[in-house]
file run_29.cif (mmCIF, C-alpha atoms)
data_my_file
#
loop_
_atom_site.group_PDB
_atom_site.id
_atom_site.type_symbol
_atom_site.label_atom_id
_atom_site.label_comp_id
_atom_site.auth_asym_id
_atom_site.auth_seq_id
_atom_site.Cartn_x
_atom_site.Cartn_y
_atom_site.Cartn_z
ATOM 1 C CA MET A 1 111.179 100.474 92.300
ATOM 2 C CA ARG A 2 113.526 101.696 95.042
ATOM 3 C CA ILE A 3 112.253 103.582 98.074
ATOM 4 C CA LEU A 4 113.983 105.378 100.941
ATOM 5 C CA VAL A 5 111.909 105.591 104.128
ATOM 6 C CA ALA A 6 113.182 108.353 106.435
ATOM 7 C CA GLU A 7 111.177 108.038 109.654
ATOM 8 C CA ASP A 8 112.409 108.607 113.221
ATOM 9 C CA GLU A 9 110.008 106.115 114.819
ATOM 10 C CA PRO A 10 111.715 102.713 114.291
ATOM 11 C CA PHE A 11 108.517 100.699 114.681
ATOM 12 C CA LEU A 12 106.642 102.752 112.084
ATOM 13 C CA ALA A 13 109.643 102.806 109.740
ATOM 14 C CA ASP A 14 110.075 99.021 109.883
ATOM 15 C CA LEU A 15 106.341 98.463 109.517
ATOM 16 C CA ALA A 16 106.215 100.640 106.401
ATOM 17 C CA ALA A 17 109.367 99.049 104.967
ATOM 18 C CA ASP A 18 108.129 95.483 105.486
ATOM 19 C CA GLY A 19 104.789 96.329 103.905
ATOM 20 C CA LEU A 20 106.392 97.983 100.877
ATOM 21 C CA ARG A 21 108.763 95.038 100.411
ATOM 22 C CA ALA A 22 105.704 92.786 100.313
ATOM 23 C CA HIS A 23 104.695 94.832 97.252
ATOM 24 C CA ALA A 24 108.013 93.946 95.548
ATOM 25 C CA MET A 25 109.643 97.302 96.284
ATOM 26 C CA ALA A 26 113.297 97.625 97.318
ATOM 27 C CA VAL A 27 113.344 99.640 100.546
ATOM 28 C CA ASP A 28 116.107 101.273 102.599
ATOM 29 C CA VAL A 29 115.382 102.799 106.012
ATOM 30 C CA THR A 30 116.959 105.636 107.962
ATOM 31 C CA HIS A 31 115.896 107.362 111.170
ATOM 32 C CA ASP A 32 117.441 110.829 110.795
ATOM 33 C CA GLY A 33 117.800 113.533 108.183
ATOM 34 C CA ALA A 34 121.592 113.536 107.982
ATOM 35 C CA THR A 35 121.736 109.844 107.105
ATOM 36 C CA ALA A 36 118.878 110.299 104.642
ATOM 37 C CA LEU A 37 120.914 112.913 102.746
ATOM 38 C CA GLU A 38 123.936 110.586 102.743
ATOM 39 C CA ARG A 39 121.874 107.741 101.278
ATOM 40 C CA LEU A 40 120.337 110.025 98.669
ATOM 41 C CA ALA A 41 123.810 111.112 97.595
ATOM 42 C CA VAL A 42 124.976 107.574 96.793
ATOM 43 C CA ASN A 43 121.813 105.683 95.773
ATOM 44 C CA ASP A 44 119.197 106.326 93.100
ATOM 45 C CA TYR A 45 115.726 106.271 94.631
ATOM 46 C CA ASP A 46 112.365 106.598 92.930
ATOM 47 C CA VAL A 47 110.564 107.912 96.009
ATOM 48 C CA LEU A 48 111.642 109.378 99.354
ATOM 49 C CA VAL A 49 109.062 108.793 102.097
ATOM 50 C CA LEU A 50 110.052 111.654 104.384
ATOM 51 C CA ASP A 51 108.929 112.231 107.958
ATOM 52 C CA ARG A 52 108.800 115.963 108.502
ATOM 53 C CA ASP A 53 110.073 115.891 112.101
ATOM 54 C CA LEU A 54 113.419 114.110 111.668
ATOM 55 C CA PRO A 55 116.318 114.599 114.105
ATOM 56 C CA ARG A 56 119.828 115.850 113.211
ATOM 57 C CA VAL A 57 118.642 117.409 109.932
ATOM 58 C CA HIS A 58 114.970 118.406 109.974
ATOM 59 C CA GLY A 59 112.712 116.924 107.318
ATOM 60 C CA ASP A 60 112.013 120.393 105.930
ATOM 61 C CA ASP A 61 115.736 120.926 105.336
ATOM 62 C CA VAL A 62 116.067 117.502 103.718
ATOM 63 C CA CYS A 63 113.188 118.394 101.409
ATOM 64 C CA ARG A 64 114.795 121.737 100.521
ATOM 65 C CA GLU A 65 118.145 120.093 99.749
ATOM 66 C CA VAL A 66 116.633 117.343 97.598
ATOM 67 C CA THR A 67 114.570 119.895 95.691
ATOM 68 C CA ARG A 68 117.609 122.158 95.233
ATOM 69 C CA ALA A 69 119.655 119.242 93.868
ATOM 70 C CA GLY A 70 117.007 118.724 91.212
ATOM 71 C CA GLY A 71 117.218 114.924 90.962
ATOM 72 C CA PRO A 72 114.438 112.622 89.783
ATOM 73 C CA VAL A 73 113.475 111.342 93.250
ATOM 74 C CA ARG A 74 109.901 112.156 94.266
ATOM 75 C CA ILE A 75 109.120 113.208 97.842
ATOM 76 C CA LEU A 76 106.151 111.935 99.833
ATOM 77 C CA MET A 77 106.128 113.887 103.098
ATOM 78 C CA LEU A 78 104.688 112.383 106.278
ATOM 79 C CA THR A 79 103.577 114.408 109.271
ATOM 80 C CA ALA A 80 101.558 114.062 112.448
ATOM 81 C CA SER A 81 99.509 117.092 111.400
ATOM 82 C CA GLY A 82 97.047 117.156 108.552
ATOM 83 C CA GLU A 83 96.137 120.806 108.947
ATOM 84 C CA LEU A 84 95.823 122.801 105.750
ATOM 85 C CA HIS A 85 98.704 125.166 106.515
ATOM 86 C CA ASP A 86 101.004 122.193 107.242
ATOM 87 C CA ARG A 87 100.088 120.493 103.967
ATOM 88 C CA VAL A 88 100.585 123.701 102.002
ATOM 89 C CA GLY A 89 103.882 124.352 103.788
ATOM 90 C CA GLY A 90 105.210 120.904 102.911
ATOM 91 C CA LEU A 91 104.217 121.205 99.271
ATOM 92 C CA ASN A 92 105.771 124.671 99.074
ATOM 93 C CA LEU A 93 109.057 123.208 100.319
ATOM 94 C CA GLY A 94 109.132 120.980 97.244
ATOM 95 C CA ALA A 95 107.317 117.827 98.356
ATOM 96 C CA ASP A 96 105.375 116.092 95.587
ATOM 97 C CA ASP A 97 102.719 114.702 97.911
ATOM 98 C CA TYR A 98 101.719 114.838 101.549
ATOM 99 C CA LEU A 99 100.255 112.217 103.874
ATOM 100 C CA ALA A 100 99.113 112.807 107.463
ATOM 101 C CA LYS A 101 99.609 110.207 110.211
ATOM 102 C CA PRO A 102 97.929 107.940 110.975
ATOM 103 C CA PHE A 103 97.325 106.720 107.445
ATOM 104 C CA ALA A 104 95.979 103.610 105.765
ATOM 105 C CA PHE A 105 98.842 101.540 104.391
ATOM 106 C CA GLU A 106 96.957 100.957 101.132
ATOM 107 C CA GLU A 107 96.917 104.718 100.604
ATOM 108 C CA LEU A 108 100.686 104.930 101.159
ATOM 109 C CA VAL A 109 101.275 102.271 98.494
ATOM 110 C CA ALA A 110 98.875 103.939 96.061
ATOM 111 C CA ARG A 111 100.498 107.344 96.527
ATOM 112 C CA ILE A 112 103.986 105.911 96.021
ATOM 113 C CA ARG A 113 102.926 104.181 92.816
ATOM 114 C CA ALA A 114 101.287 107.386 91.600
ATOM 115 C CA LEU A 115 104.501 109.312 92.262
ATOM 116 C CA THR A 116 106.639 106.818 90.343
ATOM 117 C CA ARG A 117 104.412 107.323 87.318
ATOM 118 C CA ARG A 118 105.506 110.980 87.338
ATOM 119 C CA THR A 119 109.228 110.085 87.209
ATOM 120 C CA GLY A 120 110.671 110.455 83.717
ATOM 121 C CA ARG A 121 108.311 109.569 80.874
ATOM 122 C CA PRO A 122 105.022 108.463 82.447
ATOM 123 C CA LEU A 123 104.271 104.764 82.115
ATOM 124 C CA PRO A 124 100.847 103.205 82.604
ATOM 125 C CA PRO A 125 100.123 101.065 85.670
ATOM 126 C CA VAL A 126 99.536 98.088 83.339
ATOM 127 C CA LEU A 127 102.710 97.087 81.459
ATOM 128 C CA ARG A 128 102.656 94.870 78.355
ATOM 129 C CA ARG A 129 105.339 93.305 76.173
ATOM 130 C CA HIS A 130 105.684 90.016 74.248
ATOM 131 C CA GLY A 131 102.432 88.603 75.636
ATOM 132 C CA ILE A 132 103.364 89.507 79.216
ATOM 133 C CA THR A 133 100.897 91.712 81.084
ATOM 134 C CA MET A 134 101.690 93.164 84.505
ATOM 135 C CA ASP A 135 99.195 95.136 86.565
ATOM 136 C CA THR A 136 101.363 96.970 89.082
ATOM 137 C CA THR A 137 98.372 98.215 91.072
ATOM 138 C CA VAL A 138 97.430 94.706 92.203
ATOM 139 C CA ARG A 139 100.848 93.021 91.674
ATOM 140 C CA GLU A 140 99.602 90.469 89.167
ATOM 141 C CA ALA A 141 101.283 89.232 86.013
ATOM 142 C CA THR A 142 100.243 86.931 83.178
ATOM 143 C CA ARG A 143 101.749 85.572 79.978
ATOM 144 C CA ASP A 144 99.296 84.981 77.165
ATOM 145 C CA GLY A 145 96.553 84.935 79.769
ATOM 146 C CA ARG A 146 98.326 82.400 81.982
ATOM 147 C CA PRO A 147 98.822 83.618 85.586
ATOM 148 C CA LEU A 148 102.450 83.869 86.643
ATOM 149 C CA ARG A 149 103.104 82.892 90.244
ATOM 150 C CA LEU A 150 106.190 84.982 90.895
ATOM 151 C CA ALA A 151 108.252 85.451 94.040
ATOM 152 C CA LEU A 152 108.768 89.069 95.104
ATOM 153 C CA LYS A 153 112.220 89.461 93.552
ATOM 154 C CA GLU A 154 111.133 87.708 90.357
ATOM 155 C CA TYR A 155 108.248 90.156 90.076
ATOM 156 C CA ALA A 156 110.540 93.118 90.784
ATOM 157 C CA VAL A 157 113.062 92.041 88.126
ATOM 158 C CA LEU A 158 110.312 91.491 85.567
ATOM 159 C CA GLU A 159 108.878 94.930 86.316
ATOM 160 C CA VAL A 160 112.293 96.567 85.755
ATOM 161 C CA LEU A 161 112.652 94.766 82.409
ATOM 162 C CA LEU A 162 109.131 95.717 81.330
ATOM 163 C CA ARG A 163 109.675 99.361 82.230
ATOM 164 C CA ALA A 164 112.892 99.371 80.181
ATOM 165 C CA GLU A 165 110.755 98.718 77.064
ATOM 166 C CA GLY A 166 113.331 96.575 75.280
ATOM 167 C CA ALA A 167 116.431 98.459 76.407
ATOM 168 C CA VAL A 168 119.291 96.491 77.959
ATOM 169 C CA VAL A 169 119.316 96.493 81.776
ATOM 170 C CA SER A 170 122.662 95.770 83.440
ATOM 171 C CA THR A 171 123.130 93.476 86.420
ATOM 172 C CA GLU A 172 124.198 96.521 88.430
ATOM 173 C CA GLU A 173 120.975 98.348 87.568
ATOM 174 C CA LEU A 174 118.866 95.321 88.497
ATOM 175 C CA LEU A 175 120.608 95.181 91.875
ATOM 176 C CA GLU A 176 119.990 98.908 92.284
ATOM 177 C CA ARG A 177 116.300 98.789 91.341
ATOM 178 C CA ALA A 178 115.143 95.444 92.782
ATOM 179 C CA TRP A 179 117.311 94.942 95.887
ATOM 180 C CA ASP A 180 118.205 97.210 98.817
ATOM 181 C CA GLU A 181 121.569 98.572 99.948
ATOM 182 C CA HIS A 182 122.389 95.476 102.000
ATOM 183 C CA ILE A 183 122.824 93.274 98.924
ATOM 184 C CA ASP A 184 126.362 92.025 98.263
ATOM 185 C CA PRO A 185 127.486 93.578 94.927
ATOM 186 C CA PHE A 186 129.247 90.294 94.089
ATOM 187 C CA THR A 187 126.172 88.163 94.715
ATOM 188 C CA THR A 188 124.733 85.730 92.189
ATOM 189 C CA ALA A 189 121.204 86.796 93.195
ATOM 190 C CA VAL A 190 120.438 88.325 89.792
ATOM 191 C CA LYS A 191 121.578 85.234 87.893
ATOM 192 C CA VAL A 192 119.607 82.904 90.184
ATOM 193 C CA THR A 193 116.461 85.066 90.080
ATOM 194 C CA MET A 194 116.715 85.410 86.299
ATOM 195 C CA SER A 195 116.945 81.635 85.905
ATOM 196 C CA LYS A 196 113.819 81.084 88.013
ATOM 197 C CA LEU A 197 111.950 83.868 86.207
ATOM 198 C CA ARG A 198 112.780 82.425 82.787
ATOM 199 C CA ALA A 199 111.498 79.020 83.896
ATOM 200 C CA LYS A 200 108.206 80.499 85.062
ATOM 201 C CA LEU A 201 107.756 82.572 81.904
ATOM 202 C CA GLY A 202 108.153 79.424 79.814
ATOM 203 C CA ASP A 203 108.672 79.062 76.062
ATOM 204 C CA PRO A 204 109.397 80.684 73.761
ATOM 205 C CA PRO A 205 112.098 82.532 75.735
ATOM 206 C CA VAL A 206 111.595 86.298 75.964
ATOM 207 C CA ILE A 207 114.476 87.374 78.216
ATOM 208 C CA VAL A 208 117.667 87.822 76.210
ATOM 209 C CA THR A 209 121.132 87.850 77.774
ATOM 210 C CA VAL A 210 123.337 90.473 76.116
ATOM 211 C CA PRO A 211 126.938 89.379 76.848
ATOM 212 C CA GLY A 212 128.900 91.938 78.809
ATOM 213 C CA ARG A 213 125.921 94.290 79.061
ATOM 214 C CA GLY A 214 122.947 92.685 80.842
ATOM 215 C CA TYR A 215 119.434 91.570 79.963
ATOM 216 C CA ARG A 216 116.550 92.778 77.859
ATOM 217 C CA LEU A 217 112.955 91.748 77.267
#

call {"tool": "encode", "arguments": {"input": "run_29.cif", "output": "structure tokens"}}
result
Amino acid sequence: MRILVAEDEPFLADLAADGLRAHAMAVDVTHDGATALERLAVNDYDVLVLDRDLPRVHGDDVCREVTRAGGPVRILMLTASGELHDRVGGLNLGADDYLAKPFAFEELVARIRALTRRTGRPLPPVLRRHGITMDTTVREATRDGRPLRLALKEYAVLEVLLRAEGAVVSTEELLERAWDEHIDPFTTAVKVTMSKLRAKLGDPPVIVTVPGRGYRL
């Protein structure tokens, strides 16, 4: 899944981003509301982690604009205040969830995963297809009961394919969903990761290359 963290405190933003990447999420970071809106206009995100007190464009105004645009991105609003009227105010602006600082990182991850299950047609936290089972809550995957020891990008690519439920996923979509904005669009990262993932999944092969279109499971 792809996350945008909009937080004006660089240390907290980088800490959150590094932790989310360790959970196989693709994460972009910005420190002000204006840049957040620019990123949202050009990239497809599953969740926006939005600090309420952003400079340049206030977090409330970012929330209003995202809600007005009506896209699929879910908003998790962060604030230094956990008072009832602040929580209600954030939700009334259009936020899907609200988390007061300081927070436990495990709760941030759990709330993000819960929000992604609301995007589009809800999918269960445990994904299954062709003998592959992935529990996204604990980041574990097996094939026919055999544990799969996957690198973060291998796990992320497999999750995208599982969520597609047999539909073809293009290389461009894999780059969009499993990598962040710094990835070179002409990279061979998808091909290399796919090769390693196929080797770890073993026989019989379950990932099909569809020439000119992408991959499907």

call {"tool": "closest_residue", "arguments": {"input": "run_29.cif", "among": "A:Arg177, A:Leu115, A:Leu201, A:Arg21", "to": "Thr133 in chain A", "atoms": "all atoms listed in the file"}}
result
A:Leu201

call {"tool": "residues_around", "arguments": {"input": "run_29.cif", "residues": "Ala199 in chain A", "least_positions_apart": "5", "cutoff": "12 Å", "atoms": "all atoms listed in the file", "output": "mmCIF file with C-alpha atoms, in the coordinates of the input"}}
result
data_model
loop_
_atom_site.group_PDB
_atom_site.id
_atom_site.type_symbol
_atom_site.label_atom_id
_atom_site.label_comp_id
_atom_site.auth_asym_id
_atom_site.auth_seq_id
_atom_site.Cartn_x
_atom_site.Cartn_y
_atom_site.Cartn_z
ATOM 1 C CA LEU A 148 102.450 83.869 86.643
ATOM 2 C CA ARG A 149 103.104 82.892 90.244
ATOM 3 C CA LEU A 150 106.190 84.982 90.895
ATOM 4 C CA GLU A 154 111.133 87.708 90.357
ATOM 5 C CA VAL A 192 119.607 82.904 90.184
ATOM 6 C CA THR A 193 116.461 85.066 90.080
ATOM 7 C CA MET A 194 116.715 85.410 86.299
ATOM 8 C CA PRO A 204 109.397 80.684 73.761
ATOM 9 C CA PRO A 205 112.098 82.532 75.735
ATOM 10 C CA VAL A 206 111.595 86.298 75.964
ATOM 11 C CA ILE A 207 114.476 87.374 78.216
#

call {"tool": "resolve_selection", "arguments": {"input": "run_29.cif", "expression": "the PyMOL selection byres ((chain A and resi 139) around 10)", "output": "JSON, numbers by chain"}}
result
{"A": [22, 23, 24, 126, 134, 135, 136, 137, 138, 140, 141, 150, 152, 155, 156, 159]}

call {"tool": "resolve_selection", "arguments": {"input": "run_29.cif", "expression": "the PyMOL selection byres ((chain A and resi 52) around 9)", "output": "ChimeraX atom specification"}}
result
/A:7,50-51,53-54,58-60,62-63,77-80,90

call {"tool": "write_last_selection", "arguments": {"input": "run_29.cif", "atoms": "C-alpha atoms", "output": "PDB file, keeping the file's coordinate frame"}}
result
ATOM      1  CA  GLU A   7     111.177 108.038 109.654  1.00  0.00           C
ATOM      2  CA  LEU A  50     110.052 111.654 104.384  1.00  0.00           C
ATOM      3  CA  ASP A  51     108.929 112.231 107.958  1.00  0.00           C
ATOM      4  CA  ASP A  53     110.073 115.891 112.101  1.00  0.00           C
ATOM      5  CA  LEU A  54     113.419 114.110 111.668  1.00  0.00           C
ATOM      6  CA  HIS A  58     114.970 118.406 109.974  1.00  0.00           C
ATOM      7  CA  GLY A  59     112.712 116.924 107.318  1.00  0.00           C
ATOM      8  CA  ASP A  60     112.013 120.393 105.930  1.00  0.00           C
ATOM      9  CA  VAL A  62     116.067 117.502 103.718  1.00  0.00           C
ATOM     10  CA  CYS A  63     113.188 118.394 101.409  1.00  0.00           C
ATOM     11  CA  MET A  77     106.128 113.887 103.098  1.00  0.00           C
ATOM     12  CA  LEU A  78     104.688 112.383 106.278  1.00  0.00           C
ATOM     13  CA  THR A  79     103.577 114.408 109.271  1.00  0.00           C
ATOM     14  CA  ALA A  80     101.558 114.062 112.448  1.00  0.00           C
ATOM     15  CA  GLY A  90     105.210 120.904 102.911  1.00  0.00           C
TER      16      GLY A  90
END

call {"tool": "closest_residue", "arguments": {"input": "run_29.cif", "among": "A:Val157, A:Arg113, A:Leu162, A:Ala41", "to": "Glu176 in chain A", "atoms": "only C-alpha atoms"}}
result
A:Val157

call {"tool": "residues_near_point", "arguments": {"input": "run_29.cif", "point": "(117.6, 104.9, 105.7)", "cutoff": "12 Å", "atoms": "only C-alpha atoms", "output": "ChimeraX atom specification"}}
result
/A:2-10,13-14,17,26-43,45,48-51,54,180-182

call {"tool": "resolve_selection", "arguments": {"input": "run_29.cif", "expression": "the PyMOL selection byres ((chain A and resi 95) around 7)", "output": "list in words"}}
result
Cys63, Ile75, Leu76, Met77, Gly90, Leu91, Leu93, Gly94, Asp96 and Asp97 of chain A

call {"tool": "residues_around", "arguments": {"input": "run_29.cif", "residues": "His130 in chain A", "least_positions_apart": "2", "cutoff": "9 Å", "atoms": "only C-alpha atoms", "output": "list in words"}}
result
Arg128, Ile132, Thr133, Arg143, Asp144, Val206 and Leu217 of chain A

call {"tool": "residues_around", "arguments": {"input": "run_29.cif", "residues": "Gly212 in chain A", "least_positions_apart": "4", "cutoff": "12 Å", "atoms": "only C-alpha atoms", "output": "PDB file with C-alpha atoms, keeping the file's coordinate frame"}}
result
ATOM      1  CA  VAL A 168     119.291  96.491  77.959  1.00  0.00           C
ATOM      2  CA  VAL A 169     119.316  96.493  81.776  1.00  0.00           C
ATOM      3  CA  SER A 170     122.662  95.770  83.440  1.00  0.00           C
ATOM      4  CA  THR A 171     123.130  93.476  86.420  1.00  0.00           C
ATOM      5  CA  GLU A 172     124.198  96.521  88.430  1.00  0.00           C
TER       6      GLU A 172
END

call {"tool": "atom_distance", "arguments": {"input": "run_29.cif", "atom1": "CA of Gly166 in chain A", "atom2": "CA of Arg129 in chain A"}}
result
8.7 Å

call {"tool": "closest_residue", "arguments": {"input": "run_29.cif", "among": "A:Gly214, A:Pro125, A:Gly131, A:Gly71", "to": "Arg146 in chain A", "atoms": "all atoms listed in the file"}}
result
A:Gly131

call {"tool": "atom_distance", "arguments": {"input": "run_29.cif", "atom1": "CA of Phe105 in chain A", "atom2": "CA of Leu12 in chain A"}}
result
11.0 Å

call {"tool": "closest_residue", "arguments": {"input": "run_29.cif", "among": "A:Ala69, A:Met25, A:Leu15, A:Ala167", "to": "Arg213 in chain A", "atoms": "only C-alpha atoms"}}
result
A:Ala167

call {"tool": "atom_distance", "arguments": {"input": "run_29.cif", "atom1": "CA of Thr116 in chain A", "atom2": "CA of Arg163 in chain A"}}
result
11.4 Å
